[in-house]
Structure formats: structure tokens, C-alpha cells
Amino acid sequence: MSQVDIVRLRQWVGRESLVDDTLSVRQAQLMAATLGLPREALVAGQPLPPLWHWLYFLEGLPPAELGRDGHPARGGFLPPVPLANRMWAGGHLRFEADLPLGATVQKRSRIEAVEHKQGRSGELVFVTVRHDVLLDGCVALSETHDIVYKDPGPRGPAVLPPVMPVPTHSERFAPNSTLLFRYSALTFNGHRIHYDVDYCRDVEGYANLVVHGPLNATLLAAHAQRVAGQPLKDFRYRGLEPSVVGQELILHAADSESGLLVWVARPDGTVSMRADASF
């Protein structure tokens, strides 16, 4: 019998929140330090790099309001999905205008959909959230964010990996536990799979600390901009397989009809995340 009461969970559709924040130069410079990037150009008035808006609008809850996994306990803005594991599945972003460092901005969020499906390893619940980042009352960035919930356990039967083209540009990236810890701190992400290796292995069933989905997406967005030499206008990404500490990752890019196809590959060639970028 299903443990998911989808009728109840769908009562969360339409819920909204509105949060103000200032795009702190200091926070951006700390992100640059975390990624080993130069900090000198990150000054007030300069555009925020793509996907770095995830460093802001942070929700800080006291320990009593957190779940066992370190995330906020279920049933606040997001619906109380009873499945144990929560993952950042993917999203779609449209860049309408620059977000200047130092500016005060708003984020308007709305639960768009809650769907219940049967996957290879059991029940899945997908929650879709729409975020709009507003500058002076106008939408500068629109984002659709997909979250997936599942129970821990062995994966179902393997599916064929996506066939990727021959890359035209590639860069190597080696995440370590310090990088993951610092990114968790910058984004106030308490999910224990990114810093607690015992929890990661014993409770959620991963081989090692898991690289954040948004970190992979941020790396891909920057890779796409470097290859194209121009700012992103549209970025649609999807997580396919987890990346973990101890694996060197390769960021690939290849031309596509809309601009660039970019992806993160594990050492064995498995695609961890892929994205379509246009400019």
C-alpha cells in the first residue's frame, strides 16, 4: 500500500513566499574563494555570476525545526512528503537581466505541482517550485526547480546511459570534502549527505559524500559561459547520477542546435548531470 497521500500533498500547490535579500559582495567573494576563482572583479555593481543567487535568500531554522537529514522538517513551505531522501533533481532558468552585486532584491516562490510516480527503486514524489528573482519590481531571473523524494534502498534495474556527442571543450574538476563543506556553509545547506560520511553511507546509501546538485549545475553554467564567451540566457539542467568525493569529474561541452550541450561525467564516463545552454 502506498505511504503517499497525494491528495493531501497537493493541498500545498499554490503556496507562495516572498523573501528580501541583499546580494552581498562578501558572500560572492567567499564563493569565489571556495571555487578557487579570482575575487577582484566581484565588487558592487558587477553582475552576479550565473546560479550564484543560490547563495542568498537563505532560510535559517533552529535545530528543533530540522529533520534527521539536516533539511528543514517537512510541512512548512514544502509539502510533508513521507519519503526519506530528498534530492535536487534539476531545473530551468531564464536570465532576463543582470543581478548587480550590492543590490537589494526579492525572491517570489510558488509551489507549482506535486506529482506521485513509481520509479525503478520504488515510490517517487516530484515537487516543482517556481522562483522569480525581482530587481526594482521586475523579474531579472526566473527559475523552475524540481525536487524529488524517494526512500533509501538499492537502485532498480539499470537504464541505458544517454548517448553524448564528442566534446569540443573539456575541463577537469576534483571535488573534496573541504569544498563540499564550504559550499554547504555558503548556502546554509544542512543536508548531511554533503558532510557526514557515516550518515551518507549508512542511512542514505551513497558510497561517499555527495557533490551538491546545485554545485554541479553552477560549475556547468560557468563552463558554458566560458566556452561560449557570452552570458547565458537560458539554462535547463537535469541530475542523472550522483557525483561523490573521490571521483575526478570532467566538465564537457559540445555545440547544439540551441547553443551548447554541457555535462558532468564521472571517471567511468557515466553522465552525472547534463544541461542545455543558450545565449
# chains A, B, ... in the order shown; residues from 1 in each chain; ligands from 1

call {"tool": "select_by_dssp", "arguments": {"residues": "stretch 123-210 of chain A", "states": "strand (DSSP E)", "output": "number ranges by chain"}}
result
A: 123-135, 138-150, 169-173

call {"tool": "residues_around", "arguments": {"residues": "A:Ala265", "least_positions_apart": "4", "cutoff": "7 Å", "atoms": "only C-alpha atoms", "output": "PyMOL selection string"}}
result
chain A and resi 249-251+269-272

call {"tool": "closest_residue", "arguments": {"among": "A:His131, A:Arg86, A:His92, A:Arg8", "to": "A:Pro152", "atoms": "only C-alpha atoms"}}
result
A:Arg86

call {"tool": "residues_around", "arguments": {"residues": "stretch 222-226 of chain A", "least_positions_apart": "3", "cutoff": "12 Å", "atoms": "only C-alpha atoms", "output": "ChimeraX atom specification"}}
result
/A:32,35,37,48-52,168-173,215-219,229-237,250-256,259-264,274-279

call {"tool": "atom_distance", "arguments": {"atom1": "atom CA of A:Thr178", "atom2": "atom CA of A:Met31"}}
result
12.9 Å

call {"tool": "closest_residue", "arguments": {"among": "A:Val163, A:Leu179, A:Val127, A:Ala103", "to": "A:Glu115", "atoms": "only C-alpha atoms"}}
result
A:Val127

call {"tool": "residues_around", "arguments": {"residues": "stretch 73-83 of chain A", "least_positions_apart": "6", "cutoff": "12 Å", "atoms": "only C-alpha atoms", "output": "number ranges by chain"}}
result
A: 2-18, 59, 61-67, 109-116, 122-129, 146-153, 190-191, 204

call {"tool": "closest_residue", "arguments": {"among": "A:Arg192, A:Arg201, A:His212, A:Arg68", "to": "A:Trp54", "atoms": "only C-alpha atoms"}}
result
A:His212

call {"tool": "closest_residue", "arguments": {"among": "A:Val227, A:Val19, A:Ala28, A:Leu55", "to": "A:Thr187", "atoms": "only C-alpha atoms"}}
result
A:Leu55

call {"tool": "select_by_dssp", "arguments": {"residues": "stretch 12-252 of chain A", "states": "alpha helix (DSSP H)", "output": "ChimeraX atom specification"}}
result
/A:25-35,177-186,197-202,213-228

call {"tool": "closest_residue", "arguments": {"among": "A:Asp69, A:Asp20, A:Glu40, A:Glu241", "to": "A:His194", "atoms": "only C-alpha atoms"}}
result
A:Asp69

call {"tool": "atom_distance", "arguments": {"atom1": "atom CA of A:Gly45", "atom2": "atom CA of A:Pro100"}}
result
4.8 Å

call {"tool": "closest_residue", "arguments": {"among": "A:Pro167, A:Pro72, A:Pro242, A:Pro47", "to": "A:Gly205", "atoms": "only C-alpha atoms"}}
result
A:Pro242

call {"tool": "residues_around", "arguments": {"residues": "A:Val210", "least_positions_apart": "6", "cutoff": "9 Å", "atoms": "only C-alpha atoms", "output": "list in words"}}
result
Leu180, Ile193, His194, Tyr195, Val197, Cys200, Pro242, Ser243, Val244 and Val245 of chain A
